[in-house]
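*Asks:* Before we start, here is the structure in question, set down as structure tokens.
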Amino acid sequence: MSIRFYNCRLLTMEDTEVKWGELHTDGNRISYIGTEENAPTDVKFEREIDLNGNLVMPSFKNAHTHSAMTFLRSYADDLPLNDWLFKQVFPMEAKLTGEDIYLLSKLAFAEYLTSGITACFDMYFEPDFMAKASEETGIRTIMCGSIAGNAEECDAALEKLDILYNKFKDRSEFVSYRLGFHAEYTTDISIMKGVAEMSKKYKAPVYTHNSETASEVKGCIERHGMTPTALMDSLGMFEYGGGGFHCVHMSERDMEIFRRRGLWAVTNPGSNSKLASGIAPLCRMAEKGINLSIGTDGPASNNALDMFREMYLATVLQKLDRDDAAAMPADKVLEMATKGGALTMGLEDCDVLAEGKKADLIVIDLNKPNMQPLNNIAKNIVYSGSKSNVLMTMCAGKILYENGEFSTIDTEKVYAEANKAIERMKAE
């Protein structure tokens with residue numbers, strides 16, 4: 001759809017300077033971005049939108065999540081991580097069907113859209129159903145391998161990962177796949193060695209949960225004599241890049257491996273705070289030049305899928321941890337939530353607003369009390385912004401959410417059917 005946004009402010013995220021101008025889309029890409037004076041005048045648009053000074057910027061990219069875990073939102077709260085995971089989450093997950101995951105993913109996608117998120121890096125089950133939900137909604141889902149298991153399950157787990165990678169890696173505009181496994185503490189060394197070999201075979205990056213808790217790191221050292229990051233690097237797992245989700249308890253050696261390998265550290269401050277896992281050393285990683293991005297984690301451990309809250313926590317927790325109000329400035333965090341997330345997932349065409357890039361963008365309402373005065377718009381978004389400021393969310397040139405309405409999701413139906421599925425699981 002060809003759309004002209006005019007009388008607007010533009011934040012491209014190539015830098016954080018806000019400029020006046022207009023932006024045009026043609027199909028799923030940006031065909032023009034610049035001043036009104038230089039805009040082409042011979043184009044016929046299907047829609048022209050006067051934004052009255054509001055802001056157009058790249059959409060947020062959720063670089064780590066488990067979307068379908070919406071069914072466990074507020075179900076098993078206020079528990080330590082291991083009790084939460086092994087006693088509550090895993091038993092309930094065993095009751096999920098593919099149709100459940102399809103519905104529950106759509107519920108998460110609706111929440112993403114209200115938060116200006118157009119892409120998620122998702123680790124969960126039943127990828128066929130997740131792909132269906134993503135393609136019907138028009139949101140980008142990059143699925144990450146989640147295999148785990150003991151030595152006896154090695155061959156079956158690796159075969160599954162290989163099949164899924166080849167089936168989904170180039171599925172569609174909205175669905176792709178990355179190599180990955182759940183975590184060191186749930187995955188036998190034989191499986192991890194196999195993932196490393198698969199990475200070399202396909203020249204593909206690998207992603208996994210990494211150093212989320214102190215006990216996880218301690219256990220890995222007891223099992224293997226080194227941290228999870230050092231272990232995976234010793235297996236040759238990161239020759240083609242990749243990254244880790246959480247990265248809370250990182251040693252200097254771990255961070256040096258991330259820097260040298262060009263890995264992405266995906267922080268999840270909401271989840272890590274709620275589960276008392278700790279505060280990731282984002283400032284130290286940034287000082288070393290490590291690639292950083294932000295994810296919500298799943299709605300069972302957060303419990304919101306709200307990028308505004310994650311951005312706020314990402315910066316203020318660093319200030320508190322370092323006893324330094326200048327730590328982790330807002331413009332860096334905004335970059336992590338937009339450009340950083342896109343590049344983590346391999347979405348190089350969706351990182352910034354520029355001609356030829358995919359039209360994955362949002363409109364932020366600046367005419368709200370929490371955005372005034374406009375001393376610094378980028379800082380306003382991080383420090384005082386909220387989902388209430390998202391007027392529109394567009395992915396691949398299609399408006400999916402506008403003024404509180406969804407164009408591709410029947411939310412009433414999704415709510416009703418999701419609740420019905422959850423009641424069934426509780427009764428089983």
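Residues are named by chain letter and number: chains run A, B, ... in the order of the structure tokens, numbers start at 1 in each chain, and ligands are numbered from 1 in the order shown.
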Could you pull the residues within 9 Å of A:Leu81, counting only C-alpha atoms, minus those fewer than 6 positions along the same chain, as number ranges by chain?

*Replies:* A: 213, 275-277, 301

*Asks:* With N, CA, C and O atoms retained, export the selected residues as a PDB file, in the first residue's frame.

*Replies:*
ATOM      1  N   THR A 213      21.328 -16.964  35.509  1.00  0.00           N
ATOM      2  CA  THR A 213      21.394 -16.944  36.971  1.00  0.00           C
ATOM      3  C   THR A 213      22.795 -17.332  37.439  1.00  0.00           C
ATOM      4  O   THR A 213      23.552 -17.996  36.729  1.00  0.00           O
ATOM      5  N   LEU A 275      12.339 -12.225  38.496  1.00  0.00           N
ATOM      6  CA  LEU A 275      12.816 -13.522  38.965  1.00  0.00           C
ATOM      7  C   LEU A 275      14.062 -13.400  39.840  1.00  0.00           C
ATOM      8  O   LEU A 275      14.653 -14.411  40.214  1.00  0.00           O
ATOM      9  N   ALA A 276      14.451 -12.144  40.153  1.00  0.00           N
ATOM     10  CA  ALA A 276      15.618 -11.881  41.010  1.00  0.00           C
ATOM     11  C   ALA A 276      16.878 -12.556  40.479  1.00  0.00           C
ATOM     12  O   ALA A 276      17.707 -13.045  41.247  1.00  0.00           O
ATOM     13  N   SER A 277      17.014 -12.576  39.157  1.00  0.00           N
ATOM     14  CA  SER A 277      18.184 -13.205  38.535  1.00  0.00           C
ATOM     15  C   SER A 277      19.415 -12.309  38.586  1.00  0.00           C
ATOM     16  O   SER A 277      20.545 -12.801  38.523  1.00  0.00           O
ATOM     17  N   SER A 301       7.131 -14.813  32.770  1.00  0.00           N
ATOM     18  CA  SER A 301       8.194 -14.385  33.676  1.00  0.00           C
ATOM     19  C   SER A 301       8.348 -12.881  33.749  1.00  0.00           C
ATOM     20  O   SER A 301       9.193 -12.381  34.486  1.00  0.00           O
TER      21      SER A 301
END

*Asks:* Among stretch 171-252 of chain A, which residues does DSSP mark as strand (DSSP E) when it is run on the backbone? Keep the chain and numbering as in the structure and answer as a list in words.

*Replies:*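 Everything in stretch 171-252 of chain A that counts as strand (DSSP E) is Val175, Ser176, Tyr177, Arg178, Leu179, Gly180, Phe181, His182, Ala183, Val206, Tyr207, Thr208, His209, Asn210, Gly242, Gly243, Gly244, Phe245 and His246 of chain A.
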
*Asks:* Write out the residues from the selection above, keeping N, CA and C atoms, as a short mmCIF file (atom, residue, chain, number, x, y, z; two decimals), in the first residue's frame.

*Replies:*
data_model
loop_
_atom_site.label_atom_id
_atom_site.label_comp_id
_atom_site.auth_asym_id
_atom_site.auth_seq_id
_atom_site.Cartn_x
_atom_site.Cartn_y
_atom_site.Cartn_z
N VAL A 175 8.41 -15.10 8.37
CA VAL A 175 8.87 -16.22 9.20
C VAL A 175 10.23 -16.70 8.73
N SER A 176 11.17 -16.82 9.66
CA SER A 176 12.46 -17.44 9.39
C SER A 176 12.93 -18.16 10.64
N TYR A 177 14.10 -18.76 10.58
CA TYR A 177 14.55 -19.65 11.65
C TYR A 177 16.05 -19.49 11.88
N ARG A 178 16.47 -19.59 13.16
CA ARG A 178 17.88 -19.54 13.52
C ARG A 178 18.23 -20.78 14.36
N LEU A 179 19.45 -21.23 14.22
CA LEU A 179 19.91 -22.35 15.02
C LEU A 179 19.98 -21.96 16.49
N GLY A 180 19.58 -22.88 17.37
CA GLY A 180 19.65 -22.59 18.79
C GLY A 180 19.26 -23.79 19.62
N PHE A 181 19.52 -23.70 20.92
CA PHE A 181 19.11 -24.73 21.87
C PHE A 181 18.70 -24.01 23.15
N HIS A 182 18.04 -24.73 24.06
CA HIS A 182 17.44 -24.06 25.21
C HIS A 182 18.49 -23.41 26.10
N ALA A 183 19.40 -24.20 26.66
CA ALA A 183 20.42 -23.67 27.56
C ALA A 183 21.40 -24.79 27.90
N VAL A 206 24.39 -19.12 16.15
CA VAL A 206 23.70 -19.93 17.16
C VAL A 206 23.31 -19.04 18.34
N TYR A 207 22.12 -19.28 18.87
CA TYR A 207 21.60 -18.49 20.00
C TYR A 207 21.08 -19.43 21.09
N THR A 208 21.20 -18.98 22.34
CA THR A 208 20.71 -19.78 23.47
C THR A 208 20.56 -18.91 24.71
N HIS A 209 19.81 -19.40 25.70
CA HIS A 209 19.83 -18.77 27.02
C HIS A 209 21.24 -18.91 27.58
N ASN A 210 21.75 -17.83 28.15
CA ASN A 210 23.15 -17.86 28.58
C ASN A 210 23.34 -17.06 29.87
N GLY A 242 26.18 -15.22 16.48
CA GLY A 242 25.05 -15.65 17.28
C GLY A 242 24.92 -14.77 18.50
N GLY A 243 24.50 -15.36 19.62
CA GLY A 243 24.33 -14.54 20.81
C GLY A 243 23.73 -15.31 21.96
N GLY A 244 23.51 -14.57 23.04
CA GLY A 244 22.96 -15.15 24.25
C GLY A 244 21.82 -14.31 24.78
N PHE A 245 20.81 -14.99 25.32
CA PHE A 245 19.67 -14.32 25.93
C PHE A 245 19.93 -14.21 27.45
N HIS A 246 19.75 -13.03 27.97
CA HIS A 246 19.91 -12.67 29.39
C HIS A 246 21.31 -12.16 29.69
#

*Asks:* As a ChimeraX atom specification, please: the residues near A:Val217 (cut-off 10 Å, only C-alpha atoms, same-chain neighbours under 5 positions excluded).

*Replies:* /A:184-185,210-212,222-223,226-229,248-251

*Asks:* May I have the residues from that selection written out with C-alpha atoms, as a PDB file, in the first residue's frame?

*Replies:*
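So the final result, stored in out22.pdb, reads:
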ATOM      1  CA  GLU A 184      23.566 -25.405  28.786  1.00  0.00           C
ATOM      2  CA  TYR A 185      21.871 -26.611  31.977  1.00  0.00           C
ATOM      3  CA  ASN A 210      23.152 -17.859  28.584  1.00  0.00           C
ATOM      4  CA  SER A 211      24.248 -17.062  32.151  1.00  0.00           C
ATOM      5  CA  GLU A 212      20.781 -16.031  33.323  1.00  0.00           C
ATOM      6  CA  GLU A 222      31.128 -27.672  38.274  1.00  0.00           C
ATOM      7  CA  ARG A 223      30.151 -29.805  35.260  1.00  0.00           C
ATOM      8  CA  MET A 226      34.235 -23.268  32.693  1.00  0.00           C
ATOM      9  CA  THR A 227      31.353 -20.819  32.221  1.00  0.00           C
ATOM     10  CA  PRO A 228      28.575 -21.448  29.667  1.00  0.00           C
ATOM     11  CA  THR A 229      30.058 -18.854  27.282  1.00  0.00           C
ATOM     12  CA  VAL A 248      23.389 -11.482  33.503  1.00  0.00           C
ATOM     13  CA  HIS A 249      26.345 -13.196  35.183  1.00  0.00           C
ATOM     14  CA  MET A 250      29.160 -12.590  32.720  1.00  0.00           C
ATOM     15  CA  SER A 251      32.858 -12.817  33.540  1.00  0.00           C
TER      16      SER A 251
END

*Asks:* Which residue is closest to A:Gly295? Choose from A:Glu197, A:Glu310, A:Asp78, A:Glu159 and count only C-alpha atoms.

*Replies:*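 Closest to A:Gly295 of all the choices is A:Glu310.
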
*Asks:* Between atom CA of A:Phe71 and atom CA of A:Ala342, measure the distance and give it in Å to one decimal.

*Replies:*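 Between these atoms lies a distance of 26.6 Å.
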
*Asks:* Using only C-alpha atoms, which residues sit within 10 Å of A:Met237 once same-chain residues fewer than 5 positions away are excluded, as a list in words?

*Replies:*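 What passes the distance filter is Met192, Lys193, Gly194, Val195, Ala196, Glu197, Met198, Ser199, Lys200, Ala204, Pro205, Val206, Tyr207, Thr229, Leu231, Met232 and Gly242 of chain A.
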
*Asks:* Would you list the contacts of stretch 108-117 of chain A as a list in words, taking every protein, DNA or RNA residue within 7 Å and counting only C-alpha atoms, but skipping same-chain residues closer than 4 positions in sequence?

*Replies:*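 Answer for this query is Ser59, Phe60, Lys61, Asn62, Ser67, Ala68, Thr70, Leu104, Leu305, Asp306, Met307, Ile362, Lys387, Val390, Thr393 and Tyr401 of chain A.
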
*Asks:* Closest to A:Ala359 among A:Tyr32, A:Tyr240, A:Trp20, A:Phe45, using only C-alpha atoms?

*Replies:*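 Among the listed residues, the smallest separation from A:Ala359 belongs to A:Tyr32.
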
*Asks:* Taking into account only C-alpha atoms, which residue in the set A:Phe406, A:Tyr124, A:Tyr75, A:Tyr6 is nearest to A:Tyr102?

*Replies:*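 Result for the nearest residue to A:Tyr102: A:Tyr124.
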
*Asks:* Taking the DSSP secondary structure from the backbone, can you list the residues of stretch 4-71 of chain A that are helix (DSSP H, G or I), as a ChimeraX atom specification?

*Replies:* /A:67-71

*Asks:* What would the file look like if the residues just selected were written as a PDB file, in the first residue's frame with C-alpha atoms?

*Replies:*
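Okay, this is what ended up in result_28.pdb:
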ATOM      1  CA  SER A  67       5.215 -15.568  22.828  1.00  0.00           C
ATOM      2  CA  ALA A  68       2.781 -18.412  23.448  1.00  0.00           C
ATOM      3  CA  MET A  69       3.559 -18.384  27.169  1.00  0.00           C
ATOM      4  CA  THR A  70       0.740 -15.860  27.488  1.00  0.00           C
ATOM      5  CA  PHE A  71      -1.200 -18.784  28.981  1.00  0.00           C
TER       6      PHE A  71
END

*Asks:* With distances taken over only C-alpha atoms, which residue among A:Glu423, A:Glu46, A:Glu152, A:Asp410 lies nearest A:Leu103?

*Replies:*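 Closest to A:Leu103 of all the choices is A:Asp410.
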
*Asks:* Name all residues at most 12 Å from A:Leu72 (count only C-alpha atoms; drop same-chain ones fewer than 3 positions away) and give them as JSON, numbers by chain.

*Replies:* {"A": [66, 67, 68, 69, 75, 76, 77, 84, 85, 88, 89, 90, 91, 92, 93, 96, 104, 108, 298, 299, 300, 301, 302, 303, 304, 418, 419, 421, 422, 423, 425, 426]}

*Asks:* Determine, counting only C-alpha atoms, which protein, DNA and RNA residues have an atom within 12 Å of an atom of A:Cys283; residues of the same chain fewer than 6 positions away are not included. Present the result as a list in words.

*Replies:*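 Skipping anything fewer than 6 positions along the chain leaves Val248, Met255, Ala265, Thr267, Gly289, Ile290, Asn291, Leu292, Ala314, Thr315, Val316, Leu317, Gln318, Lys319, Leu320, Asp321, Arg322, Asp323, Asp324, Ala326, Ala327, Met328, Pro329, Lys332 and Val333 of chain A.
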